[in-house]
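Quick look at my_file33.txt (compact mmCIF, C-alpha atoms):
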```txt
# COMPACT_ATOMS: atom_id res chain seq x y z
CA MET A 1 11.30 2.19 98.35
CA ARG A 2 10.48 4.78 95.72
CA THR A 3 14.12 5.95 95.76
CA ARG A 4 15.33 2.41 95.12
CA ALA A 5 12.92 2.04 92.18
CA TRP A 6 14.21 5.21 90.61
CA THR A 7 17.77 3.99 91.18
CA VAL A 8 17.04 0.68 89.42
CA LEU A 9 15.29 2.46 86.56
CA GLY A 10 18.23 4.83 86.19
CA ALA A 11 20.66 1.95 86.10
CA VAL A 12 18.61 0.18 83.42
CA ILE A 13 18.54 3.33 81.28
CA LEU A 14 22.27 3.84 81.72
CA VAL A 15 23.11 0.26 80.73
CA THR A 16 20.80 0.50 77.72
CA VAL A 17 22.40 3.72 76.51
CA ILE A 18 25.91 2.30 76.92
CA GLY A 19 24.93 -0.93 75.17
CA VAL A 20 23.30 0.79 72.21
CA GLY A 21 26.27 3.10 71.93
CA TYR A 22 28.71 0.22 72.01
CA PHE A 23 26.98 -1.75 69.25
CA ALA A 24 26.51 1.38 67.13
CA MET A 25 30.26 1.93 67.05
CA GLY A 26 30.88 -0.63 64.29
CA PRO A 27 34.50 -1.77 63.72
CA GLN A 28 36.76 -1.34 66.72
CA VAL A 29 38.77 1.55 65.39
CA SER A 30 40.65 3.70 67.82
CA GLY A 31 41.48 7.35 67.39
CA GLU A 32 38.86 10.04 67.11
CA ASP A 33 41.20 12.92 66.33
CA PRO A 34 40.67 13.85 62.66
CA ALA A 35 44.08 15.52 62.36
CA ILE A 36 47.02 13.43 61.18
CA PRO A 37 49.67 13.32 63.92
CA SER A 38 52.82 15.20 63.07
CA ASP A 39 55.03 12.10 63.18
CA ILE A 40 52.89 10.31 60.61
CA ALA A 41 52.65 13.42 58.44
CA LYS A 42 56.42 13.73 58.54
CA GLU A 43 56.97 10.06 57.75
CA LEU A 44 54.63 10.15 54.76
CA GLY A 45 55.80 13.54 53.58
CA ILE A 46 52.29 14.94 53.63
CA SER A 47 50.44 17.58 55.51
CA GLY A 48 46.80 17.04 56.18
CA THR A 49 43.93 19.05 57.47
CA PRO A 50 40.52 17.80 58.52
CA SER A 51 38.12 17.84 55.64
CA ASP A 52 34.43 18.56 55.56
CA GLU A 53 34.19 17.03 52.08
CA MET A 54 34.07 13.51 53.42
CA VAL A 55 31.17 11.46 52.09
CA VAL A 56 32.45 8.02 53.03
CA SER A 57 32.03 7.02 56.65
CA ARG A 58 34.87 5.95 58.91
CA GLU A 59 33.40 2.45 59.10
CA THR A 60 33.18 2.07 55.31
CA ALA A 61 36.72 3.38 54.82
CA THR A 62 37.99 0.96 57.44
CA GLU A 63 36.30 -1.98 55.73
CA VAL A 64 37.95 -0.99 52.43
CA ALA A 65 41.31 -0.75 54.16
CA LEU A 66 40.87 -4.11 55.86
CA ALA A 67 40.22 -5.71 52.46
CA ALA A 68 43.45 -4.15 51.19
CA ILE A 69 45.54 -5.57 54.03
CA GLY A 70 44.03 -9.04 54.32
CA ASP A 71 44.05 -11.41 57.26
CA ALA A 72 47.28 -10.00 58.64
CA ALA A 73 45.19 -7.07 59.90
CA LYS A 74 43.26 -9.22 62.34
CA THR A 75 45.69 -8.57 65.17
CA ALA A 76 46.50 -4.99 64.25
CA THR A 77 45.63 -1.78 65.99
CA ILE A 78 43.67 0.39 63.57
CA THR A 79 43.47 4.16 63.63
CA ALA A 80 41.52 6.26 61.14
CA TYR A 81 42.25 9.87 60.25
CA LYS A 82 40.52 12.11 57.75
CA ALA A 83 42.54 14.64 55.85
CA LYS A 84 42.98 16.70 52.74
CA VAL A 85 46.33 15.89 51.22
CA THR A 86 48.12 19.08 50.34
CA ASP A 87 51.77 18.13 49.92
CA PRO A 88 52.06 14.58 48.57
CA LYS A 89 55.76 14.78 47.68
CA SER A 90 56.50 11.22 48.68
CA LEU A 91 53.23 9.91 47.26
CA ARG A 92 53.81 10.67 43.59
CA THR A 93 51.43 8.34 41.89
CA ALA A 94 49.07 7.98 38.98
CA VAL A 95 46.36 8.61 41.52
CA ALA A 96 46.13 12.37 41.93
CA LEU A 97 46.16 12.85 45.69
CA ASP A 98 46.84 16.56 45.80
CA GLY A 99 43.86 18.31 47.33
CA ARG A 100 41.91 15.09 47.64
CA ALA A 101 39.91 14.36 50.78
CA VAL A 102 41.00 10.98 52.07
CA TRP A 103 40.73 8.60 54.94
CA LEU A 104 44.15 7.53 56.14
CA ILE A 105 43.78 4.19 57.87
CA VAL A 106 46.87 3.22 59.87
CA PHE A 107 47.53 -0.38 60.88
CA ASP A 108 50.06 -0.98 63.65
CA GLY A 109 51.29 -4.26 65.08
CA LEU A 110 51.35 -6.16 61.78
CA HIS A 111 53.77 -8.97 61.02
CA VAL A 112 53.86 -9.29 57.23
CA VAL A 113 56.80 -11.18 55.74
CA TRP A 114 58.23 -10.16 52.35
CA PRO A 115 60.45 -12.91 50.95
CA ALA A 116 63.53 -11.76 49.09
CA PRO A 117 63.23 -12.09 45.28
CA ALA A 118 63.92 -15.45 43.71
CA ALA A 119 67.62 -15.67 42.84
CA GLU A 120 70.11 -18.43 42.24
CA THR A 121 70.19 -19.07 45.95
CA VAL A 122 67.54 -18.61 48.60
CA ASP A 123 68.71 -16.11 51.18
CA GLU A 124 66.08 -15.70 53.87
CA SER A 125 68.34 -13.27 55.70
CA GLN A 126 67.28 -10.73 53.07
CA ASP A 127 63.57 -11.18 53.77
CA HIS A 128 61.81 -8.12 55.13
CA VAL A 129 59.07 -7.79 57.74
CA THR A 130 56.63 -4.90 57.84
CA THR A 131 54.78 -3.99 61.02
CA ARG A 132 52.86 -0.93 59.87
CA ALA A 133 50.70 0.00 56.88
CA PHE A 134 49.16 3.25 55.69
CA VAL A 135 46.05 2.82 53.55
CA PHE A 136 44.59 5.78 51.67
CA VAL A 137 40.87 5.59 50.90
CA ASP A 138 39.12 8.21 48.78
CA GLY A 139 36.82 10.21 51.02
CA SER A 140 34.30 10.82 48.24
CA THR A 141 34.10 7.43 46.52
CA GLY A 142 35.42 4.94 49.06
CA GLU A 143 37.96 3.71 46.50
CA HIS A 144 41.22 2.22 47.72
CA LEU A 145 43.95 4.57 46.49
CA LEU A 146 47.18 3.05 47.74
CA THR A 147 48.80 1.11 50.54
CA MET A 148 52.25 1.93 51.90
CA TRP A 149 54.01 -0.66 54.06
CA ARG A 150 56.64 0.10 56.68
CA ALA A 151 59.06 -1.92 58.79
CA MET B 1 69.14 -14.20 34.57
CA ALA B 2 72.47 -12.39 34.70
CA VAL B 3 73.17 -9.42 32.43
CA SER B 4 76.37 -7.59 31.67
CA PRO B 5 76.65 -4.67 31.45
CA ASN B 6 73.92 -3.85 33.91
CA ALA B 7 70.25 -3.34 33.07
CA THR B 8 68.26 -0.27 34.01
CA GLY B 9 64.78 -1.67 33.56
CA VAL B 10 62.63 -4.79 33.55
CA GLN B 11 59.26 -5.38 31.94
CA GLY B 12 56.63 -8.02 31.28
CA TYR B 13 52.98 -8.61 30.51
CA ILE B 14 51.50 -10.52 33.41
CA GLU B 15 48.19 -12.28 33.08
CA PHE B 16 45.56 -11.46 35.67
CA THR B 17 44.36 -14.36 37.78
CA ASN B 18 42.67 -14.36 41.13
CA PRO B 19 44.34 -17.23 42.98
CA ASN B 20 43.35 -18.57 46.33
CA PRO B 21 46.27 -18.28 48.74
CA CYS B 22 46.05 -20.80 51.53
CA SER B 23 46.15 -19.51 55.04
CA ASN B 24 48.85 -19.74 57.60
CA GLN B 25 48.65 -18.83 61.25
CA PHE B 26 50.32 -15.47 60.79
CA GLY B 27 48.02 -14.28 57.99
CA ASN B 28 51.00 -14.27 55.67
CA GLY B 29 49.84 -16.59 52.90
CA LEU B 30 50.31 -14.85 49.57
CA THR B 31 50.84 -15.19 45.85
CA VAL B 32 53.04 -12.80 43.86
CA GLU B 33 53.54 -12.69 40.09
CA ALA B 34 56.26 -10.22 39.23
CA VAL B 35 59.35 -9.18 37.33
CA THR B 36 62.38 -8.02 39.30
CA LEU B 37 65.61 -6.16 38.74
CA MET B 38 68.22 -6.96 41.39
CA GLN B 39 71.39 -5.07 42.08
CA THR B 40 73.44 -8.29 41.94
CA ALA B 41 72.84 -12.04 41.79
CA ALA B 42 73.15 -11.95 45.57
CA ILE B 43 70.21 -9.48 45.46
CA ASN B 44 71.29 -6.59 47.76
CA GLY B 45 68.89 -3.92 46.49
CA HIS B 46 66.01 -4.61 44.10
CA VAL B 47 62.93 -3.19 42.43
CA GLN B 48 59.98 -5.46 41.73
CA VAL B 49 56.67 -4.91 39.94
CA GLY B 50 53.68 -7.17 39.40
CA TRP B 51 50.61 -8.15 41.34
CA VAL B 52 50.13 -9.62 44.79
CA LYS B 53 47.24 -11.31 46.51
CA ARG B 54 47.48 -11.88 50.22
CA GLN B 55 45.42 -14.17 52.39
CA GLY B 56 42.12 -12.42 53.08
CA MET B 57 42.26 -10.05 50.11
CA THR B 58 39.41 -10.28 47.62
CA ALA B 59 41.51 -9.53 44.54
CA PRO B 60 45.15 -8.95 43.60
CA LYS B 61 46.69 -5.49 43.80
CA MET B 62 49.50 -3.94 41.79
CA LEU B 63 52.78 -4.12 43.68
CA CYS B 64 55.71 -1.69 43.35
CA GLU B 65 58.49 -2.80 45.67
CA PHE B 66 61.49 -0.52 46.29
CA SER B 67 64.31 -2.10 48.29
CA GLY B 68 67.62 -0.34 48.89
CA GLU B 69 71.06 -1.88 48.99
CA ASP B 70 72.18 -3.25 52.33
CA ALA B 71 73.67 -0.04 53.59
CA THR B 72 70.50 1.97 53.06
CA ASP B 73 68.17 -0.42 54.93
CA TYR B 74 65.41 1.08 52.81
CA PHE B 75 62.32 -1.02 52.12
CA ASP B 76 59.25 0.63 50.65
CA PRO B 77 56.54 -1.53 49.04
CA VAL B 78 53.47 0.28 47.67
CA GLU B 79 50.25 -1.28 46.40
CA PHE B 80 47.50 0.03 44.15
CA SER B 81 44.10 -1.23 43.05
CA LEU B 82 44.23 -2.59 39.51
CA PRO B 83 41.87 -0.73 37.20
CA SER B 84 40.33 -3.93 35.83
CA TRP B 85 40.73 -7.69 35.87
CA SER B 86 43.00 -7.70 32.83
CA THR B 87 46.49 -8.54 31.65
CA PHE B 88 48.75 -5.47 31.97
CA LYS B 89 52.28 -4.47 31.05
CA TYR B 90 54.31 -4.00 34.24
CA THR B 91 57.54 -1.99 34.06
CA PHE B 92 60.20 -0.85 36.51
CA GLN B 93 62.88 1.44 35.07
CA HIS B 94 65.46 3.97 36.09
CA ASP B 95 65.01 7.51 34.82
CA ALA B 96 68.60 8.76 34.52
CA GLY B 97 67.54 12.34 33.86
CA ASN B 98 65.53 12.62 37.03
CA ARG B 99 67.71 10.10 38.89
CA GLU B 100 64.78 8.09 40.13
CA TRP B 101 63.22 4.65 39.85
CA GLU B 102 59.72 4.59 38.40
CA CYS B 103 57.09 1.86 38.50
CA LEU B 104 54.59 1.73 35.64
CA LEU B 105 51.35 -0.01 34.76
CA ASN B 106 51.07 0.05 30.99
CA SER B 107 52.42 3.54 30.25
CA THR B 108 51.32 5.21 33.46
CA VAL B 109 53.78 5.94 36.26
CA TYR B 110 52.31 4.76 39.54
CA ALA B 111 55.18 5.21 41.98
CA VAL B 112 58.54 6.98 41.95
CA ARG B 113 61.44 7.06 44.40
CA PRO B 114 64.83 8.84 44.11
CA SER B 115 67.56 6.35 43.23
CA ALA B 116 69.67 7.96 45.96
CA TRP B 117 67.24 6.48 48.47
CA LEU B 118 67.86 2.98 47.11
CA GLY B 119 71.58 3.38 46.53
CA PHE B 120 71.76 1.93 43.01
CA GLN B 121 70.78 2.88 39.45
CA SER B 122 71.12 -0.45 37.65
CA GLY B 123 71.32 -4.18 38.28
CA SER B 124 73.05 -7.28 36.96
CA SER B 125 70.36 -9.85 37.79
CA LEU B 126 66.76 -10.12 36.58
CA ASN B 127 63.86 -12.48 37.12
CA ALA B 128 60.29 -13.23 36.26
CA GLN B 129 58.68 -15.18 39.05
CA GLY B 130 55.68 -16.67 40.68
CA GLU B 131 56.11 -16.68 44.43
CA VAL B 132 54.30 -18.05 47.44
CA ASN B 133 54.95 -17.56 51.09
CA SER B 134 53.12 -20.48 52.58
CA THR B 135 53.69 -24.19 52.67
CA HIS B 136 50.72 -24.71 50.40
CA ALA B 137 49.21 -21.94 48.31
CA GLN B 138 47.90 -21.55 44.82
CA ILE B 139 50.32 -19.93 42.42
CA GLY B 140 49.39 -19.05 38.88
CA LYS B 141 46.61 -21.34 37.67
CA MET B 142 45.51 -24.83 38.47
CA ALA B 143 47.02 -27.33 36.01
CA PRO B 144 46.45 -27.95 33.15
CA ASP B 145 45.85 -24.18 32.86
CA LYS B 146 48.96 -22.04 33.08
CA LEU B 147 49.52 -18.42 33.98
CA ASP B 148 51.46 -16.47 31.40
CA LEU B 149 54.13 -13.84 31.86
CA THR B 150 54.91 -12.78 28.30
CA ALA B 151 57.06 -10.30 26.39
CA LEU B 152 59.60 -10.37 29.20
CA LYS B 153 62.27 -7.77 28.52
CA PHE B 154 65.06 -5.81 30.13
CA LYS B 155 66.36 -2.36 29.35
CA ARG B 156 69.99 -1.58 28.63
CA SER B 157 71.50 1.46 26.97
CA GLY B 158 68.00 2.77 26.37
CA SER B 159 66.78 -0.28 24.41
CA TRP B 160 64.52 -3.15 25.42
CA THR B 161 65.85 -6.70 24.87
CA THR B 162 64.06 -10.04 25.26
CA MET B 163 64.95 -11.98 28.41
CA ASN B 164 66.68 -15.31 27.98
CA LEU B 165 65.47 -17.11 31.06
CA THR B 166 67.14 -19.87 32.98
CA LEU B 167 64.48 -21.79 34.84
CA LEU B 168 65.22 -22.26 38.51
CA GLY B 169 63.90 -25.10 40.61
CA THR B 170 60.44 -25.30 42.03
CA VAL B 171 58.90 -27.19 44.90
CA ALA B 172 55.98 -29.58 44.32
CA PRO B 173 53.10 -29.07 43.71
CA TYR B 174 54.17 -26.09 41.61
CA GLY B 175 55.39 -26.13 38.02
CA ARG B 176 56.91 -23.75 35.50
CA ASP B 177 58.25 -23.73 31.98
CA GLU B 178 59.48 -21.43 29.25
CA PRO B 179 57.46 -22.25 26.12
CA GLN B 180 59.34 -19.63 24.13
CA ALA B 181 61.89 -16.90 24.62
CA GLY B 182 60.58 -14.06 26.72
CA GLN B 183 57.81 -16.10 28.27
CA LEU B 184 57.33 -17.80 31.60
CA ARG B 185 54.40 -19.95 32.64
CA ASN B 186 53.60 -21.31 36.07
CA TRP B 187 50.83 -23.38 37.57
CA THR B 188 49.68 -25.45 40.49
CA ASN B 189 49.20 -29.20 40.39
CA ALA B 190 47.31 -29.35 43.67
CA HIS B 191 45.72 -26.99 46.12
```

Any chance you could put this one into structure tokens?
Amino acid sequence: MRTRAWTVLGAVILVTVIGVGYFAMGPQVSGEDPAIPSDIAKELGISGTPSDEMVVSRETATEVALAAIGDAAKTATITAYKAKVTDPKSLRTAVALDGRAVWLIVFDGLHVVWPAPAAETVDESQDHVTTRAFVFVDGSTGEHLLTMWRA
Amino acid sequence: MAVSPNATGVQGYIEFTNPNPCSNQFGNGLTVEAVTLMQTAAINGHVQVGWVKRQGMTAPKMLCEFSGEDATDYFDPVEFSLPSWSTFKYTFQHDAGNREWECLLNSTVYAVRPSAWLGFQSGSSLNAQGEVNSTHAQIGKMAPDKLDLTALKFKRSGSWTTMNLTLLGTVAPYGRDEPQAGQLRNWTNAH
């Protein structure tokens, strides 16, 4: 009888711990590895290393990124990486990224339609669809830096 | 509008508004206000700069859209937070010396791509446009207010020239006019 009581108590504790852990997770963001995968680094033309200078939390950065994508992100898979950008050759921008600690929030599974520019005729065959987006969020201020869309 | 010989830049002041794009089931409702340089009247490649607000966004963002000619299959839109809720000068131009397309907000370069990636260095067709991608979305301002795109210009042989627009058709409930040369206004009659 005593053994059964301890078993029930243990189960209650286990369920409680799992439940608290689940609700403490915040947004359902996959990917715990802080290093940017090599394929993404290659695609963006950057190299990143995990940064200890990060002030902004993963959850806050993800919320900023979600606001930058809009409702199209609702069905996306979201992965967050923290990095220090060291070689932003393809990211030349007014925003100085070099050496900056950033959150890179990657959205996969998007379906965002980009109509072709208005011309004398409407040619929907020249519309584009993007399925992926890279959102850079400043790791110190939480500011949205830029969004890059990909097919 | 068509230009000959080709233009190497396009520019306009675009008023800031914060429209309310209606939703569609794919999350693709949006409003774009932009100026565009197209490789040809049939489009092919293009560069486009302005602002965009998509369904679910809280405010518009600056848009720099690089699109290569057919053979390159290159499509590379980039978006930035606007520094304030203001009217800005938006410019896309080709830098012949560096052989690259550059996208500017006022006088600041925000995005650059090698022209070799896009496959063209100039274009024969230009536009200033308000655009929606939804069956019913707010574009520009609610009538009788009108959103202004002013000082619309294109670059040729190193000099900026005022656009002489030809207004293309619109679909109700949207409207547009050209109150004077180098200016486009658009609005919504219902939302």

Inset, instruction - Would you work out the distance separating CA of Tyr110 (chain B) from CA of Cys64 (chain B), expressed in Å to one decimal? - result: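 Here the two named atoms are 8.2 Å from each other.
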
Could you work out an axis-aligned box for region 12-17 of chain B, taking every atom the file lists and adding 3 Å on each side, and report centre and edge lengths in Å to one decimal, as JSON?
```
{"center_x": 50.5, "center_y": -11.2, "center_z": 34.1, "size_x": 18.3, "size_y": 12.3, "size_z": 13.3}
```

Dump as CSV the rows for residues of chain A within 9 Å of chain B: closest atom pair and distance in Å with one decimal, all atoms listed in the file counted, ordered by chain and rising residue number.
```
residue,atom,partner,partner_atom,distance
A:Leu66,CA,B:Met57,CA,8.4
A:Ala67,CA,B:Met57,CA,5.3
A:Ala68,CA,B:Met57,CA,6.1
A:Ile69,CA,B:Met57,CA,6.8
A:Gly70,CA,B:Gly56,CA,4.1
A:Asp71,CA,B:Gly56,CA,4.7
A:Ala72,CA,B:Gly27,CA,4.4
A:Ala73,CA,B:Gly27,CA,8.0
A:Lys74,CA,B:Gly27,CA,8.2
A:Ser90,CA,B:Arg113,CA,7.7
A:Leu91,CA,B:Ala111,CA,7.3
A:Arg92,CA,B:Ala111,CA,5.9
A:Thr93,CA,B:Tyr110,CA,4.4
A:Ala94,CA,B:Tyr110,CA,4.6
A:Val95,CA,B:Tyr110,CA,7.4
A:His111,CA,B:Phe26,CA,7.4
A:Val112,CA,B:Asn28,CA,6.0
A:Val113,CA,B:Asn28,CA,6.6
A:Trp114,CA,B:Asn133,CA,8.2
A:Pro115,CA,B:Asn133,CA,7.2
A:Ala116,CA,B:Ile43,CA,7.9
A:Pro117,CA,B:Thr36,CA,7.3
A:Ala118,CA,B:Gln129,CA,7.0
A:Ala119,CA,B:Ala41,CA,6.4
A:Glu120,CA,B:Ala41,CA,7.0
A:Thr121,CA,B:Ala42,CA,7.7
A:Asp123,CA,B:Ala42,CA,8.3
A:Gln126,CA,B:Asn44,CA,7.8
A:His128,CA,B:Phe75,CA,7.7
A:Thr130,CA,B:Phe75,CA,9.0
A:Glu143,CA,B:Ser81,CA,8.6
A:His144,CA,B:Ser81,CA,6.5
A:Leu145,CA,B:Phe80,CA,6.2
A:Leu146,CA,B:Phe80,CA,4.7
A:Thr147,CA,B:Glu79,CA,5.0
A:Met148,CA,B:Val78,CA,4.7
A:Trp149,CA,B:Pro77,CA,5.7
A:Arg150,CA,B:Asp76,CA,6.6
A:Ala151,CA,B:Phe75,CA,7.5
```

Mind dumping the selected residues with C-alpha atoms as a JSON list (two decimals), keeping the file's coordinate frame?
```
[["chain", "number", "residue", "atom", "x", "y", "z"],
["A", 66, "LEU", "CA", 40.87, -4.11, 55.86],
["A", 67, "ALA", "CA", 40.22, -5.71, 52.46],
["A", 68, "ALA", "CA", 43.45, -4.15, 51.19],
["A", 69, "ILE", "CA", 45.54, -5.57, 54.03],
["A", 70, "GLY", "CA", 44.03, -9.04, 54.32],
["A", 71, "ASP", "CA", 44.05, -11.41, 57.26],
["A", 72, "ALA", "CA", 47.28, -10.00, 58.64],
["A", 73, "ALA", "CA", 45.19, -7.07, 59.90],
["A", 74, "LYS", "CA", 43.26, -9.22, 62.34],
["A", 90, "SER", "CA", 56.50, 11.22, 48.68],
["A", 91, "LEU", "CA", 53.23, 9.91, 47.26],
["A", 92, "ARG", "CA", 53.81, 10.67, 43.59],
["A", 93, "THR", "CA", 51.43, 8.34, 41.89],
["A", 94, "ALA", "CA", 49.07, 7.98, 38.98],
["A", 95, "VAL", "CA", 46.36, 8.61, 41.52],
["A", 111, "HIS", "CA", 53.77, -8.97, 61.02],
["A", 112, "VAL", "CA", 53.86, -9.29, 57.23],
["A", 113, "VAL", "CA", 56.80, -11.18, 55.74],
["A", 114, "TRP", "CA", 58.23, -10.16, 52.35],
["A", 115, "PRO", "CA", 60.45, -12.91, 50.95],
["A", 116, "ALA", "CA", 63.53, -11.76, 49.09],
["A", 117, "PRO", "CA", 63.23, -12.09, 45.28],
["A", 118, "ALA", "CA", 63.92, -15.45, 43.71],
["A", 119, "ALA", "CA", 67.62, -15.67, 42.84],
["A", 120, "GLU", "CA", 70.11, -18.43, 42.24],
["A", 121, "THR", "CA", 70.19, -19.07, 45.95],
["A", 123, "ASP", "CA", 68.71, -16.11, 51.18],
["A", 126, "GLN", "CA", 67.28, -10.73, 53.07],
["A", 128, "HIS", "CA", 61.81, -8.12, 55.13],
["A", 130, "THR", "CA", 56.63, -4.90, 57.84],
["A", 143, "GLU", "CA", 37.96, 3.71, 46.50],
["A", 144, "HIS", "CA", 41.22, 2.22, 47.72],
["A", 145, "LEU", "CA", 43.95, 4.57, 46.49],
["A", 146, "LEU", "CA", 47.18, 3.05, 47.74],
["A", 147, "THR", "CA", 48.80, 1.11, 50.54],
["A", 148, "MET", "CA", 52.25, 1.93, 51.90],
["A", 149, "TRP", "CA", 54.01, -0.66, 54.06],
["A", 150, "ARG", "CA", 56.64, 0.10, 56.68],
["A", 151, "ALA", "CA", 59.06, -1.92, 58.79]]
```

Inset, instruction - Fewer than 3 positions away in the same chain doesn't count, so skip those; otherwise give me all residues within 12 Å of region 156-158 of chain B, counting only C-alpha atoms, as a ChimeraX atom specification. - result: /B:3-11,37,93-96,121-124,153,161-163

Legend entry - Atomic separation - CA of Asp127 (chain A) relative to CA of Val106 (chain A), Å: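 Computing the Euclidean distance for CA of Val106 (chain A) and CA of Asp127 (chain A) yields 22.9 Å.
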
Inset, instruction - Could you tell me how far CA of Trp117 (chain B) lies from CA of Phe92 (chain B), in Å and to one decimal? - result: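 Those two atoms sit 15.7 Å apart.
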
Inset, instruction - Determine, counting all atoms listed in the file, which protein, DNA and RNA residues have an atom within 7 Å of an atom of region 139-141 of chain A; residues of the same chain fewer than 3 positions away are not included. Present the result as number ranges by chain. - result: A: 54-56, 101-103

Generate N, CA and C atoms for region 135-150 of chain A and emit them as a PDB file, keeping the file's coordinate frame.
```
ATOM      1  N   VAL A 135      46.983   3.037  54.656  1.00  0.00           N
ATOM      2  CA  VAL A 135      46.050   2.820  53.550  1.00  0.00           C
ATOM      3  C   VAL A 135      45.278   4.107  53.300  1.00  0.00           C
ATOM      4  N   PHE A 136      45.313   4.576  52.056  1.00  0.00           N
ATOM      5  CA  PHE A 136      44.590   5.780  51.670  1.00  0.00           C
ATOM      6  C   PHE A 136      43.297   5.373  50.968  1.00  0.00           C
ATOM      7  N   VAL A 137      42.191   5.878  51.475  1.00  0.00           N
ATOM      8  CA  VAL A 137      40.870   5.590  50.900  1.00  0.00           C
ATOM      9  C   VAL A 137      40.241   6.920  50.498  1.00  0.00           C
ATOM     10  N   ASP A 138      39.746   6.978  49.280  1.00  0.00           N
ATOM     11  CA  ASP A 138      39.120   8.210  48.780  1.00  0.00           C
ATOM     12  C   ASP A 138      37.906   8.567  49.643  1.00  0.00           C
ATOM     13  N   GLY A 139      37.897   9.791  50.135  1.00  0.00           N
ATOM     14  CA  GLY A 139      36.820  10.210  51.020  1.00  0.00           C
ATOM     15  C   GLY A 139      35.506  10.447  50.321  1.00  0.00           C
ATOM     16  N   SER A 140      35.526  10.562  49.001  1.00  0.00           N
ATOM     17  CA  SER A 140      34.300  10.820  48.240  1.00  0.00           C
ATOM     18  C   SER A 140      33.703   9.541  47.660  1.00  0.00           C
ATOM     19  N   THR A 141      34.590   8.618  47.218  1.00  0.00           N
ATOM     20  CA  THR A 141      34.100   7.430  46.520  1.00  0.00           C
ATOM     21  C   THR A 141      34.280   6.134  47.318  1.00  0.00           C
ATOM     22  N   GLY A 142      35.128   6.160  48.320  1.00  0.00           N
ATOM     23  CA  GLY A 142      35.420   4.940  49.060  1.00  0.00           C
ATOM     24  C   GLY A 142      36.391   4.026  48.350  1.00  0.00           C
ATOM     25  N   GLU A 143      37.008   4.514  47.276  1.00  0.00           N
ATOM     26  CA  GLU A 143      37.960   3.710  46.500  1.00  0.00           C
ATOM     27  C   GLU A 143      39.288   3.595  47.228  1.00  0.00           C
ATOM     28  N   HIS A 144      39.859   2.398  47.191  1.00  0.00           N
ATOM     29  CA  HIS A 144      41.220   2.220  47.720  1.00  0.00           C
ATOM     30  C   HIS A 144      42.191   2.912  46.784  1.00  0.00           C
ATOM     31  N   LEU A 145      43.015   3.806  47.329  1.00  0.00           N
ATOM     32  CA  LEU A 145      43.950   4.570  46.490  1.00  0.00           C
ATOM     33  C   LEU A 145      45.336   3.952  46.494  1.00  0.00           C
ATOM     34  N   LEU A 146      45.881   3.717  47.648  1.00  0.00           N
ATOM     35  CA  LEU A 146      47.180   3.050  47.740  1.00  0.00           C
ATOM     36  C   LEU A 146      47.430   2.588  49.149  1.00  0.00           C
ATOM     37  N   THR A 147      48.354   1.629  49.248  1.00  0.00           N
ATOM     38  CA  THR A 147      48.800   1.110  50.540  1.00  0.00           C
ATOM     39  C   THR A 147      50.314   1.252  50.606  1.00  0.00           C
ATOM     40  N   MET A 148      50.804   1.832  51.681  1.00  0.00           N
ATOM     41  CA  MET A 148      52.250   1.930  51.900  1.00  0.00           C
ATOM     42  C   MET A 148      52.594   1.099  53.117  1.00  0.00           C
ATOM     43  N   TRP A 149      53.599   0.228  52.973  1.00  0.00           N
ATOM     44  CA  TRP A 149      54.010  -0.660  54.060  1.00  0.00           C
ATOM     45  C   TRP A 149      55.305  -0.137  54.683  1.00  0.00           C
ATOM     46  N   ARG A 150      55.445  -0.342  55.981  1.00  0.00           N
ATOM     47  CA  ARG A 150      56.640   0.100  56.680  1.00  0.00           C
ATOM     48  C   ARG A 150      57.137  -0.970  57.645  1.00  0.00           C
TER      49      ARG A 150
END
```
